[in-house]
file structure_1.cif (mmCIF, C-alpha atoms)
data_query
loop_
_atom_site.label_atom_id
_atom_site.label_comp_id
_atom_site.auth_asym_id
_atom_site.auth_seq_id
_atom_site.Cartn_x
_atom_site.Cartn_y
_atom_site.Cartn_z
CA MET A 1 -163.35 -12.43 -9.27
CA TYR A 2 -160.58 -12.86 -6.72
CA THR A 3 -157.07 -12.15 -7.98
CA ALA A 4 -153.93 -14.17 -7.36
CA ASP A 5 -152.83 -11.54 -4.82
CA ALA A 6 -156.12 -11.81 -2.93
CA PHE A 7 -155.85 -15.60 -2.78
CA ARG A 8 -152.23 -15.30 -1.62
CA ARG A 9 -153.28 -12.97 1.23
CA ALA A 10 -156.01 -15.44 2.23
CA LEU A 11 -153.41 -18.22 2.25
CA GLU A 12 -151.12 -16.22 4.55
CA GLU A 13 -154.01 -15.47 6.91
CA ALA A 14 -155.09 -19.13 7.04
CA CYS A 15 -151.54 -20.36 7.64
CA ALA A 16 -151.06 -17.82 10.42
CA THR A 17 -154.12 -19.30 12.15
CA THR A 18 -152.79 -22.85 11.90
CA GLY A 19 -149.14 -22.12 12.65
CA LEU A 20 -147.99 -23.44 9.27
CA PRO A 21 -145.53 -21.37 7.19
CA ALA A 22 -146.88 -19.81 4.01
CA VAL A 23 -143.48 -18.61 2.80
CA GLY A 24 -142.64 -19.97 -0.63
CA ALA A 25 -146.01 -21.66 -1.16
CA GLU A 26 -146.47 -22.70 -4.78
CA PRO A 27 -149.76 -22.02 -6.56
CA LEU A 28 -151.03 -25.20 -8.20
CA HIS A 29 -154.37 -23.88 -9.38
CA LEU A 30 -155.74 -20.34 -9.61
CA THR A 31 -159.13 -19.81 -11.23
CA VAL A 32 -162.41 -19.34 -9.34
CA ASN A 33 -160.68 -20.94 -6.34
CA ALA A 34 -157.04 -21.46 -5.44
CA VAL A 35 -154.81 -24.37 -4.45
CA PHE A 36 -151.33 -23.88 -2.96
CA ARG A 37 -148.65 -26.39 -2.00
CA LEU A 38 -146.77 -25.37 1.12
CA ARG A 39 -143.01 -25.39 0.76
CA HIS A 40 -142.15 -26.25 4.36
CA ALA A 41 -144.87 -28.79 5.19
CA PRO A 42 -146.43 -31.75 3.29
CA VAL A 43 -149.70 -29.88 2.98
CA VAL A 44 -151.90 -28.50 0.19
CA VAL A 45 -154.16 -25.56 1.03
CA ARG A 46 -157.38 -24.99 -0.89
CA ILE A 47 -158.94 -21.52 -0.74
CA ALA A 48 -162.60 -21.63 -1.74
CA GLY A 49 -163.77 -18.78 -3.93
CA PRO A 50 -166.85 -16.77 -3.03
CA GLN A 51 -169.10 -19.05 -5.10
CA LEU A 52 -168.84 -21.63 -2.29
CA GLY A 53 -170.59 -20.72 0.95
CA ARG A 54 -169.59 -21.77 4.46
CA ASP A 55 -172.12 -24.61 4.52
CA ASP A 56 -170.64 -25.99 1.29
CA VAL A 57 -167.08 -26.04 2.64
CA VAL A 58 -168.17 -27.46 6.01
CA ARG A 59 -169.94 -30.24 4.09
CA VAL A 60 -166.76 -31.00 2.12
CA VAL A 61 -164.82 -31.38 5.39
CA ALA A 62 -167.48 -33.73 6.78
CA LEU A 63 -167.47 -35.77 3.56
CA ALA A 64 -163.68 -36.05 3.57
CA ARG A 65 -163.74 -37.44 7.12
CA TRP A 66 -166.51 -39.86 6.15
CA LEU A 67 -164.63 -41.11 3.09
CA GLU A 68 -161.58 -41.70 5.29
CA ARG A 69 -163.64 -43.71 7.80
CA GLU A 70 -165.09 -45.76 4.94
CA ASP A 71 -161.61 -46.24 3.43
CA VAL A 72 -162.77 -44.79 0.10
CA PRO A 73 -159.78 -43.80 -2.07
CA ALA A 74 -159.89 -40.02 -1.79
CA VAL A 75 -157.67 -37.19 -0.58
CA ARG A 76 -157.31 -36.86 3.21
CA LEU A 77 -157.48 -33.77 5.39
CA ALA A 78 -154.25 -32.71 7.07
CA PRO A 79 -154.16 -32.84 10.88
CA LEU A 80 -154.35 -29.33 12.34
CA PRO A 81 -154.43 -27.79 15.83
CA VAL A 82 -157.59 -25.87 14.83
CA PRO A 83 -160.91 -26.98 13.34
CA GLN A 84 -161.45 -27.00 9.60
CA PRO A 85 -162.40 -25.07 7.57
CA VAL A 86 -160.25 -22.12 8.58
CA VAL A 87 -161.84 -18.69 8.10
CA THR A 88 -159.47 -16.06 6.72
CA GLY A 89 -159.52 -12.37 7.53
CA SER A 90 -161.02 -11.65 4.11
CA GLY A 91 -163.85 -14.08 4.79
CA LEU A 92 -162.67 -16.80 2.42
CA LEU A 93 -162.54 -20.37 3.71
CA ALA A 94 -159.43 -22.55 3.63
CA THR A 95 -159.06 -26.30 3.95
CA PHE A 96 -155.76 -28.11 4.50
CA TRP A 97 -155.03 -31.46 2.86
CA ARG A 98 -152.23 -33.99 2.96
CA HIS A 99 -149.98 -33.46 -0.02
CA LEU A 100 -149.66 -36.36 -2.44
CA PRO A 101 -146.49 -35.82 -4.51
CA GLN A 102 -147.03 -36.83 -8.13
CA PRO A 103 -144.03 -38.22 -10.05
CA PRO A 104 -142.93 -35.86 -12.85
CA GLY A 105 -144.56 -36.75 -16.14
CA SER A 106 -146.89 -39.24 -14.49
CA HIS A 107 -150.64 -38.86 -14.93
CA PRO A 108 -153.51 -41.15 -13.89
CA ALA A 109 -155.00 -43.21 -16.69
CA VAL A 110 -158.65 -42.71 -17.58
CA ASP A 111 -159.64 -46.24 -16.58
CA GLU A 112 -158.25 -45.65 -13.06
CA LEU A 113 -161.41 -43.66 -12.33
CA ALA A 114 -163.44 -46.88 -12.32
CA GLY A 115 -162.39 -48.26 -8.93
CA PRO A 116 -162.82 -45.04 -6.90
CA LEU A 117 -166.15 -44.30 -8.58
CA ARG A 118 -167.48 -47.76 -7.84
CA ARG A 119 -166.51 -47.29 -4.19
CA VAL A 120 -168.25 -43.91 -3.98
CA HIS A 121 -171.37 -45.22 -5.71
CA ALA A 122 -171.55 -48.15 -3.28
CA LEU A 123 -171.60 -45.92 -0.18
CA GLY A 124 -174.54 -45.92 2.17
CA ALA A 125 -176.19 -42.92 3.80
CA PRO A 126 -173.79 -39.99 4.30
CA PRO A 127 -173.18 -38.45 7.74
CA CYS A 128 -174.51 -35.07 6.64
CA PRO A 129 -177.31 -33.97 4.32
CA LEU A 130 -176.21 -34.05 0.70
CA PRO A 131 -177.91 -31.96 -1.98
CA ASP A 132 -179.70 -33.67 -4.81
CA TRP A 133 -177.98 -33.55 -8.17
CA ASP A 134 -179.26 -30.34 -9.72
CA PRO A 135 -176.72 -29.07 -12.25
CA LEU A 136 -179.07 -26.54 -13.80
CA SER A 137 -179.54 -24.56 -10.59
CA VAL A 138 -175.75 -24.19 -10.37
CA ASP A 139 -175.60 -23.10 -14.01
CA ARG A 140 -178.41 -20.59 -13.56
CA ALA A 141 -176.69 -19.08 -10.52
CA ARG A 142 -173.50 -18.66 -12.56
CA LEU A 143 -175.45 -17.02 -15.36
CA ARG A 144 -177.02 -14.56 -12.93
CA ARG A 145 -173.53 -13.57 -11.74
CA ALA A 146 -172.08 -13.24 -15.26
CA PRO A 147 -169.70 -10.26 -15.44
CA ALA A 148 -170.43 -7.20 -17.52
CA GLY A 149 -169.07 -7.32 -21.03
CA VAL A 150 -169.80 -11.00 -21.66
CA GLY A 151 -171.75 -11.36 -24.91
CA ALA A 152 -175.48 -10.79 -24.46
CA ALA A 153 -176.35 -13.11 -27.35
CA GLU A 154 -174.27 -15.94 -25.90
CA LEU A 155 -175.79 -15.52 -22.45
CA ALA A 156 -179.28 -15.50 -23.94
CA TYR A 157 -178.49 -18.77 -25.72
CA LEU A 158 -177.24 -20.37 -22.49
CA HIS A 159 -180.36 -19.24 -20.60
CA ASP A 160 -182.49 -20.77 -23.36
CA LEU A 161 -180.45 -23.99 -23.27
CA ALA A 162 -181.01 -24.22 -19.50
CA ASP A 163 -184.76 -23.80 -20.05
CA ARG A 164 -184.84 -26.58 -22.64
CA LEU A 165 -182.81 -28.92 -20.45
CA GLU A 166 -185.14 -28.16 -17.53
CA ASP A 167 -187.89 -29.74 -19.63
CA GLU A 168 -185.78 -32.70 -20.80
CA LEU A 169 -184.14 -33.87 -17.58
CA PRO A 170 -187.29 -34.97 -15.72
CA ARG A 171 -188.16 -37.24 -18.66
CA LEU A 172 -184.85 -39.10 -18.64
CA ARG A 173 -185.01 -42.77 -17.69
CA PHE A 174 -181.85 -43.58 -15.76
CA VAL A 175 -180.52 -47.13 -15.77
CA LEU A 176 -178.51 -47.11 -12.54
CA PRO A 177 -180.00 -46.53 -9.06
CA ARG A 178 -179.53 -43.09 -7.48
CA THR A 179 -176.72 -42.94 -4.96
CA VAL A 180 -173.89 -40.76 -3.71
CA ILE A 181 -171.91 -39.47 -6.69
CA HIS A 182 -168.70 -37.48 -7.02
CA GLY A 183 -170.34 -34.93 -9.31
CA ASP A 184 -167.19 -33.78 -11.15
CA ALA A 185 -165.43 -37.01 -12.05
CA HIS A 186 -162.58 -36.66 -14.55
CA ILE A 187 -158.87 -37.45 -14.48
CA GLY A 188 -158.09 -33.86 -13.52
CA ASN A 189 -159.67 -34.78 -10.19
CA LEU A 190 -157.67 -37.99 -9.79
CA LEU A 191 -154.28 -38.36 -8.09
CA HIS A 192 -151.98 -41.22 -7.15
CA ASP A 193 -151.26 -41.91 -3.48
CA ALA A 194 -147.86 -42.96 -2.13
CA ARG A 195 -148.50 -46.56 -3.21
CA GLY A 196 -149.45 -45.51 -6.74
CA HIS A 197 -153.17 -46.14 -6.20
CA PRO A 198 -155.72 -43.69 -7.68
CA VAL A 199 -157.59 -41.39 -5.29
CA LEU A 200 -160.31 -38.83 -5.95
CA CYS A 201 -159.94 -35.15 -5.09
CA ASP A 202 -162.17 -32.05 -5.29
CA LEU A 203 -165.25 -33.09 -3.32
CA ASP A 204 -167.19 -29.83 -3.84
CA PHE A 205 -169.87 -31.35 -6.07
CA MET A 206 -170.59 -34.58 -4.20
CA CYS A 207 -174.32 -35.11 -4.05
CA VAL A 208 -177.03 -37.74 -4.43
CA GLY A 209 -177.85 -38.38 -8.05
CA PRO A 210 -177.47 -40.61 -11.11
CA PRO A 211 -174.16 -42.52 -11.32
CA GLU A 212 -174.37 -42.11 -15.09
CA TRP A 213 -173.34 -38.48 -14.61
CA ASP A 214 -169.94 -39.48 -13.22
CA LEU A 215 -169.20 -41.34 -16.47
CA VAL A 216 -170.04 -38.41 -18.75
CA PRO A 217 -167.13 -35.91 -18.31
CA GLU A 218 -164.37 -38.21 -19.56
CA LEU A 219 -166.48 -39.28 -22.51
CA MET A 220 -167.02 -35.62 -23.40
CA GLY A 221 -163.29 -35.04 -23.05
CA CYS A 222 -162.71 -37.67 -25.73
CA VAL A 223 -165.32 -36.51 -28.20
CA ARG A 224 -164.77 -32.75 -27.78
CA TYR A 225 -160.98 -32.65 -27.57
CA GLY A 226 -160.21 -35.57 -29.84
CA ARG A 227 -158.61 -37.74 -27.16
CA PRO A 228 -158.26 -41.47 -27.90
CA MET A 229 -161.31 -43.47 -26.88
CA THR A 230 -159.22 -46.49 -25.81
CA GLY A 231 -158.88 -45.41 -22.19
CA TYR A 232 -162.57 -44.58 -21.93
CA ARG A 233 -163.52 -48.02 -23.22
CA ARG A 234 -161.37 -49.55 -20.48
CA LEU A 235 -163.02 -47.25 -17.92
CA VAL A 236 -166.57 -48.31 -18.73
CA ASP A 237 -165.54 -51.96 -19.04
CA ALA A 238 -164.02 -51.82 -15.55
CA TYR A 239 -166.96 -49.88 -14.14
CA GLY A 240 -169.61 -52.13 -15.68
CA PHE A 241 -171.79 -49.63 -17.51
CA ASP A 242 -171.30 -47.78 -20.81
CA PRO A 243 -173.39 -44.59 -21.16
CA ARG A 244 -172.76 -44.59 -24.92
CA THR A 245 -175.46 -47.28 -25.17
CA TRP A 246 -177.96 -45.20 -23.14
CA GLU A 247 -180.68 -43.11 -24.73
CA GLY A 248 -180.20 -40.33 -22.18
CA LEU A 249 -176.63 -39.53 -23.23
CA PRO A 250 -177.44 -36.69 -25.70
CA THR A 251 -179.25 -34.78 -22.96
CA MET A 252 -176.48 -35.39 -20.46
CA ALA A 253 -173.93 -34.22 -23.03
CA ARG A 254 -175.78 -30.90 -23.33
CA VAL A 255 -176.01 -30.61 -19.54
CA HIS A 256 -172.26 -31.12 -19.35
CA ALA A 257 -171.67 -28.53 -22.08
CA LEU A 258 -173.76 -25.96 -20.20
CA ASN A 259 -171.85 -26.79 -17.04
CA VAL A 260 -168.40 -26.21 -18.52
CA LEU A 261 -169.54 -23.08 -20.39
CA THR A 262 -170.87 -21.42 -17.23
CA VAL A 263 -168.09 -22.40 -14.81
CA VAL A 264 -165.62 -20.10 -16.60
CA LEU A 265 -167.87 -17.02 -16.63
CA PRO A 266 -165.97 -15.22 -13.81
CA LEU A 267 -162.75 -15.48 -15.83
CA LEU A 268 -163.96 -14.15 -19.17
CA GLY A 269 -163.75 -10.44 -18.44
CA ALA A 270 -159.98 -10.47 -17.98
CA ASN A 271 -159.22 -13.04 -20.68
CA PRO A 272 -160.05 -11.98 -24.25
CA GLY A 273 -158.46 -15.10 -25.75
CA MET A 274 -160.47 -17.32 -23.47
CA ARG A 275 -163.62 -15.39 -24.36
CA ALA A 276 -163.04 -16.06 -28.07
CA GLU A 277 -162.85 -19.83 -27.53
CA TRP A 278 -165.90 -19.66 -25.23
CA ARG A 279 -167.91 -17.94 -27.96
CA ARG A 280 -166.70 -20.43 -30.54
CA ARG A 281 -167.89 -23.32 -28.39
CA ILE A 282 -171.32 -21.74 -27.97
CA GLY A 283 -171.52 -21.12 -31.71
CA ALA A 284 -170.83 -24.79 -32.39
CA LEU A 285 -173.58 -25.84 -29.96
CA ARG A 286 -175.99 -23.38 -31.50
CA ASP A 287 -175.16 -24.76 -34.95
CA GLY A 288 -175.95 -28.30 -33.83
CA VAL A 289 -172.37 -29.52 -33.27
CA PRO A 290 -172.46 -30.46 -29.56
CA THR A 291 -169.30 -32.55 -29.63
CA GLY A 292 -166.70 -30.03 -30.74
CA PRO A 293 -163.92 -30.00 -31.66
CA TRP A 294 -162.93 -27.73 -28.78
CA THR A 295 -159.50 -26.37 -27.92
CA SER A 296 -158.19 -25.77 -24.41
CA TYR A 297 -158.70 -22.37 -22.79
CA ARG A 298 -155.73 -20.10 -22.19
CA TYR A 299 -156.22 -17.73 -19.28
CA THR A 300 -154.49 -15.52 -16.76
CA VAL A 301 -155.43 -14.48 -13.21
#
call {"tool": "encode", "arguments": {"input": "structure_1.cif", "output": "structure tokens"}}
result
Amino acid sequence: MYTADAFRRALEEACATTGLPAVGAEPLHLTVNAVFRLRHAPVVVRIAGPQLGRDDVVRVVALARWLEREDVPAVRLAPLPVPQPVVTGSGLLATFWRHLPQPPGSHPAVDELAGPLRRVHALGAPPCPLPDWDPLSVDRARLRRAPAGVGAAELAYLHDLADRLEDELPRLRFVLPRTVIHGDAHIGNLLHDARGHPVLCDLDFMCVGPPEWDLVPELMGCVRYGRPMTGYRRLVDAYGFDPRTWEGLPTMARVHALNVLTVVLPLLGANPGMRAEWRRRIGALRDGVPTGPWTSYRYTV
């Protein structure tokens, strides 16, 4: 796992290449990747962790430019004198984005996801090859890279869950036609632009797949963390489809659980408190309680 210091060095290297000042940059997000807001320019820099290869980051840049041409509400790349992505001296890849200041205490509402998702799902053919939605291959790769010291019993359970879902997914009957999807749609990946309109961010998981998947994360946030369902009802009303009425939802809920349980694997070694909650979540799944309640992770980098 890359440390905060390693990500900071990569930021300084990337900024030196572009001529932008890294002094005083504020870390906004530091987990398996890093996001910094520059102090002296209206720019946010995203440093991709080693789990994302060059082709993945190049694809994100191409998708961002396509979404801008199509006027889809999403974050925009910052203009630079060099091509993106920028390769750092340590080999990590950096992308530079226009900063969208968010008013203090202001957060997008759940139902604001509906408009951007409908726009993404209505897109035609992308300008670059997009992978097919295949969440289990991502999960299996994370499991293979699990750090030493993570519970063997828990990992065995997650491997077994992936095997069972591999059998279930091909039998699902989806209601909506396959199309371009965001792949990680939740309000944590939604911002407001300067006019107060919602825009999507974090394009790493865009792919071609079932639109139903983009409506699952916020539903799981409600049922697992005890959030009010009111906003979610408005979301599905505005979108025009409610996955709660769909027979495939229980399988998708388990796919989502596997996804969020594997994404944190690189962080568990250095975070005993986080590891305890992770094990508790797996225990609940194993005991037949797939919907929680869960509590938020607490971690350090």
call {"tool": "resolve_selection", "arguments": {"input": "structure_1.cif", "expression": "the PyMOL selection byres ((chain A and resi 142-150) around 9)", "output": "list in words"}}
result
Gln51, Ser137, Val138, Asp139, Arg140, Ala141, Gly151, Ala152, Ala153, Glu154, Leu155, Leu158, His159, Thr262, Val263, Val264, Leu265, Pro266, Leu267, Leu268, Gly269 and Arg275 of chain A
call {"tool": "resolve_selection", "arguments": {"input": "structure_1.cif", "expression": "the PyMOL selection byres ((chain A and resi 110) around 9)", "output": "count of residues only"}}
result
13
call {"tool": "resolve_selection", "arguments": {"input": "structure_1.cif", "expression": "the PyMOL selection byres ((chain A and resi 161) around 10)", "output": "ChimeraX atom specification"}}
result
/A:136,155-160,162-166,254-255,257-258,285-286
call {"tool": "atom_distance", "arguments": {"input": "structure_1.cif", "atom1": "atom CA of Leu93 of chain A", "atom2": "atom CA of His40 of chain A"}}
result
21.2 Å
call {"tool": "atom_distance", "arguments": {"input": "structure_1.cif", "atom1": "atom CA of Glu68 of chain A", "atom2": "atom CA of Cys128 of chain A"}}
result
14.6 Å
call {"tool": "closest_residue", "arguments": {"input": "structure_1.cif", "among": "A:Val175, A:Leu191, A:Val289, A:Val86", "to": "Val223 of chain A", "atoms": "only C-alpha atoms"}}
result
A:Val289
call {"tool": "residues_around", "arguments": {"input": "structure_1.cif", "residues": "segment 23-33 of chain A", "least_positions_apart": "4", "cutoff": "9 Å", "atoms": "all atoms listed in the file", "output": "mmCIF file with C-alpha atoms, keeping the file's coordinate frame"}}
result
data_model
loop_
_atom_site.group_PDB
_atom_site.id
_atom_site.type_symbol
_atom_site.label_atom_id
_atom_site.label_comp_id
_atom_site.auth_asym_id
_atom_site.auth_seq_id
_atom_site.Cartn_x
_atom_site.Cartn_y
_atom_site.Cartn_z
ATOM 1 C CA MET A 1 -163.350 -12.430 -9.270
ATOM 2 C CA TYR A 2 -160.580 -12.860 -6.720
ATOM 3 C CA THR A 3 -157.070 -12.150 -7.980
ATOM 4 C CA ALA A 4 -153.930 -14.170 -7.360
ATOM 5 C CA PHE A 7 -155.850 -15.600 -2.780
ATOM 6 C CA ARG A 8 -152.230 -15.300 -1.620
ATOM 7 C CA LEU A 11 -153.410 -18.220 2.250
ATOM 8 C CA GLU A 12 -151.120 -16.220 4.550
ATOM 9 C CA ARG A 37 -148.650 -26.390 -2.000
ATOM 10 C CA LEU A 38 -146.770 -25.370 1.120
ATOM 11 C CA ARG A 39 -143.010 -25.390 0.760
ATOM 12 C CA HIS A 40 -142.150 -26.250 4.360
ATOM 13 C CA ARG A 46 -157.380 -24.990 -0.890
ATOM 14 C CA ILE A 47 -158.940 -21.520 -0.740
ATOM 15 C CA ALA A 48 -162.600 -21.630 -1.740
ATOM 16 C CA GLY A 49 -163.770 -18.780 -3.930
ATOM 17 C CA PRO A 50 -166.850 -16.770 -3.030
ATOM 18 C CA GLN A 51 -169.100 -19.050 -5.100
ATOM 19 C CA VAL A 263 -168.090 -22.400 -14.810
ATOM 20 C CA VAL A 264 -165.620 -20.100 -16.600
ATOM 21 C CA PRO A 266 -165.970 -15.220 -13.810
ATOM 22 C CA LEU A 267 -162.750 -15.480 -15.830
ATOM 23 C CA TYR A 299 -156.220 -17.730 -19.280
ATOM 24 C CA THR A 300 -154.490 -15.520 -16.760
ATOM 25 C CA VAL A 301 -155.430 -14.480 -13.210
#
call {"tool": "residues_near_point", "arguments": {"input": "structure_1.cif", "point": "(-172.9, -38.1, 5.7)", "cutoff": "9 Å", "atoms": "all atoms listed in the file", "output": "JSON, numbers by chain"}}
result
{"A": [59, 62, 63, 66, 124, 125, 126, 127, 128, 129, 130]}
call {"tool": "write_last_selection", "arguments": {"input": "structure_1.cif", "atoms": "C-alpha atoms", "output": "short mmCIF file (atom, residue, chain, number, x, y, z; two decimals), keeping the file's coordinate frame"}}
result
data_model
loop_
_atom_site.label_atom_id
_atom_site.label_comp_id
_atom_site.auth_asym_id
_atom_site.auth_seq_id
_atom_site.Cartn_x
_atom_site.Cartn_y
_atom_site.Cartn_z
CA ARG A 59 -169.94 -30.24 4.09
CA ALA A 62 -167.48 -33.73 6.78
CA LEU A 63 -167.47 -35.77 3.56
CA TRP A 66 -166.51 -39.86 6.15
CA GLY A 124 -174.54 -45.92 2.17
CA ALA A 125 -176.19 -42.92 3.80
CA PRO A 126 -173.79 -39.99 4.30
CA PRO A 127 -173.18 -38.45 7.74
CA CYS A 128 -174.51 -35.07 6.64
CA PRO A 129 -177.31 -33.97 4.32
CA LEU A 130 -176.21 -34.05 0.70
#
call {"tool": "closest_residue", "arguments": {"input": "structure_1.cif", "among": "A:Pro217, A:Gly196, A:Gly188, A:Pro243", "to": "Phe174 of chain A", "atoms": "all atoms listed in the file"}}
result
A:Pro243
call {"tool": "closest_residue", "arguments": {"input": "structure_1.cif", "among": "A:Ala10, A:Glu277, A:Gly226, A:Pro116", "to": "Pro293 of chain A", "atoms": "all atoms listed in the file"}}
result
A:Gly226
call {"tool": "atom_distance", "arguments": {"input": "structure_1.cif", "atom1": "atom CA of Phe96 of chain A", "atom2": "atom CA of Arg118 of chain A"}}
result
26.0 Å
call {"tool": "closest_residue", "arguments": {"input": "structure_1.cif", "among": "A:Ala41, A:Ala284, A:Leu52, A:Ala253", "to": "Leu169 of chain A", "atoms": "only C-alpha atoms"}}
result
A:Ala253
call {"tool": "closest_residue", "arguments": {"input": "structure_1.cif", "among": "A:Ala34, A:Cys222, A:Ala270, A:Leu203", "to": "Val75 of chain A", "atoms": "all atoms listed in the file"}}
result
A:Leu203
call {"tool": "residues_around", "arguments": {"input": "structure_1.cif", "residues": "Thr295 of chain A", "least_positions_apart": "6", "cutoff": "10 Å", "atoms": "all atoms listed in the file", "output": "list in words"}}
result
Arg224, Tyr225, Gly226, Glu277, Trp278, Arg280 and Arg281 of chain A
call {"tool": "write_last_selection", "arguments": {"input": "structure_1.cif", "atoms": "C-alpha atoms", "output": "compact mmCIF listing (two decimals), in the coordinates of the input"}}
result
# COMPACT_ATOMS: atom_id res chain seq x y z
CA ARG A 224 -164.77 -32.75 -27.78
CA TYR A 225 -160.98 -32.65 -27.57
CA GLY A 226 -160.21 -35.57 -29.84
CA GLU A 277 -162.85 -19.83 -27.53
CA TRP A 278 -165.90 -19.66 -25.23
CA ARG A 280 -166.70 -20.43 -30.54
CA ARG A 281 -167.89 -23.32 -28.39
call {"tool": "build_atoms", "arguments": {"input": "structure_1.cif", "residues": "segment 211-233 of chain A", "atoms": "N, CA and C atoms", "output": "mmCIF file, keeping the file's coordinate frame"}}
result
data_model
loop_
_atom_site.group_PDB
_atom_site.id
_atom_site.type_symbol
_atom_site.label_atom_id
_atom_site.label_comp_id
_atom_site.auth_asym_id
_atom_site.auth_seq_id
_atom_site.Cartn_x
_atom_site.Cartn_y
_atom_site.Cartn_z
ATOM 1 N N PRO A 211 -175.568 -42.150 -11.069
ATOM 2 C CA PRO A 211 -174.160 -42.520 -11.320
ATOM 3 C C PRO A 211 -173.742 -42.307 -12.776
ATOM 4 N N GLU A 212 -174.699 -42.347 -13.683
ATOM 5 C CA GLU A 212 -174.370 -42.110 -15.090
ATOM 6 C C GLU A 212 -173.618 -40.794 -15.274
ATOM 7 N N TRP A 213 -173.969 -39.795 -14.468
ATOM 8 C CA TRP A 213 -173.340 -38.480 -14.610
ATOM 9 C C TRP A 213 -171.823 -38.552 -14.400
ATOM 10 N N ASP A 214 -171.373 -39.385 -13.486
ATOM 11 C CA ASP A 214 -169.940 -39.480 -13.220
ATOM 12 C C ASP A 214 -169.161 -40.118 -14.373
ATOM 13 N N LEU A 215 -169.864 -40.722 -15.316
ATOM 14 C CA LEU A 215 -169.200 -41.340 -16.470
ATOM 15 C C LEU A 215 -169.251 -40.445 -17.714
ATOM 16 N N VAL A 216 -169.877 -39.288 -17.593
ATOM 17 C CA VAL A 216 -170.040 -38.410 -18.750
ATOM 18 C C VAL A 216 -168.814 -37.519 -19.009
ATOM 19 N N PRO A 217 -168.195 -36.872 -17.999
ATOM 20 C CA PRO A 217 -167.130 -35.910 -18.310
ATOM 21 C C PRO A 217 -165.975 -36.476 -19.120
ATOM 22 N N GLU A 218 -165.492 -37.661 -18.792
ATOM 23 C CA GLU A 218 -164.370 -38.210 -19.560
ATOM 24 C C GLU A 218 -164.770 -38.562 -20.981
ATOM 25 N N LEU A 219 -166.002 -39.015 -21.155
ATOM 26 C CA LEU A 219 -166.480 -39.280 -22.510
ATOM 27 C C LEU A 219 -166.498 -37.989 -23.320
ATOM 28 N N MET A 220 -166.987 -36.909 -22.707
ATOM 29 C CA MET A 220 -167.020 -35.620 -23.400
ATOM 30 C C MET A 220 -165.610 -35.115 -23.687
ATOM 31 N N GLY A 221 -164.669 -35.410 -22.800
ATOM 32 C CA GLY A 221 -163.290 -35.040 -23.050
ATOM 33 C C GLY A 221 -162.749 -35.708 -24.308
ATOM 34 N N CYS A 222 -163.152 -36.944 -24.523
ATOM 35 C CA CYS A 222 -162.710 -37.670 -25.730
ATOM 36 C C CYS A 222 -163.340 -37.083 -26.984
ATOM 37 N N VAL A 223 -164.647 -36.907 -26.973
ATOM 38 C CA VAL A 223 -165.320 -36.510 -28.200
ATOM 39 C C VAL A 223 -165.107 -35.032 -28.528
ATOM 40 N N ARG A 224 -164.917 -34.183 -27.505
ATOM 41 C CA ARG A 224 -164.770 -32.750 -27.780
ATOM 42 C C ARG A 224 -163.325 -32.332 -28.035
ATOM 43 N N TYR A 225 -162.382 -33.033 -27.414
ATOM 44 C CA TYR A 225 -160.980 -32.650 -27.570
ATOM 45 C C TYR A 225 -160.188 -33.633 -28.430
ATOM 46 N N GLY A 226 -160.868 -34.632 -28.957
ATOM 47 C CA GLY A 226 -160.210 -35.570 -29.840
ATOM 48 C C GLY A 226 -159.258 -36.525 -29.148
ATOM 49 N N ARG A 227 -159.472 -36.784 -27.857
ATOM 50 C CA ARG A 227 -158.610 -37.740 -27.160
ATOM 51 C C ARG A 227 -158.953 -39.171 -27.586
ATOM 52 N N PRO A 228 -157.978 -40.071 -27.527
ATOM 53 C CA PRO A 228 -158.260 -41.470 -27.900
ATOM 54 C C PRO A 228 -159.355 -42.063 -27.013
ATOM 55 N N MET A 229 -160.209 -42.860 -27.606
ATOM 56 C CA MET A 229 -161.310 -43.470 -26.880
ATOM 57 C C MET A 229 -160.892 -44.758 -26.158
ATOM 58 N N THR A 230 -159.662 -45.210 -26.377
ATOM 59 C CA THR A 230 -159.220 -46.490 -25.810
ATOM 60 C C THR A 230 -159.339 -46.509 -24.292
ATOM 61 N N GLY A 231 -158.831 -45.459 -23.640
ATOM 62 C CA GLY A 231 -158.880 -45.410 -22.190
ATOM 63 C C GLY A 231 -160.302 -45.365 -21.665
ATOM 64 N N TYR A 232 -161.181 -44.652 -22.379
ATOM 65 C CA TYR A 232 -162.570 -44.580 -21.930
ATOM 66 C C TYR A 232 -163.248 -45.937 -22.032
ATOM 67 N N ARG A 233 -162.938 -46.671 -23.100
ATOM 68 C CA ARG A 233 -163.520 -48.020 -23.220
ATOM 69 C C ARG A 233 -163.086 -48.892 -22.042
#
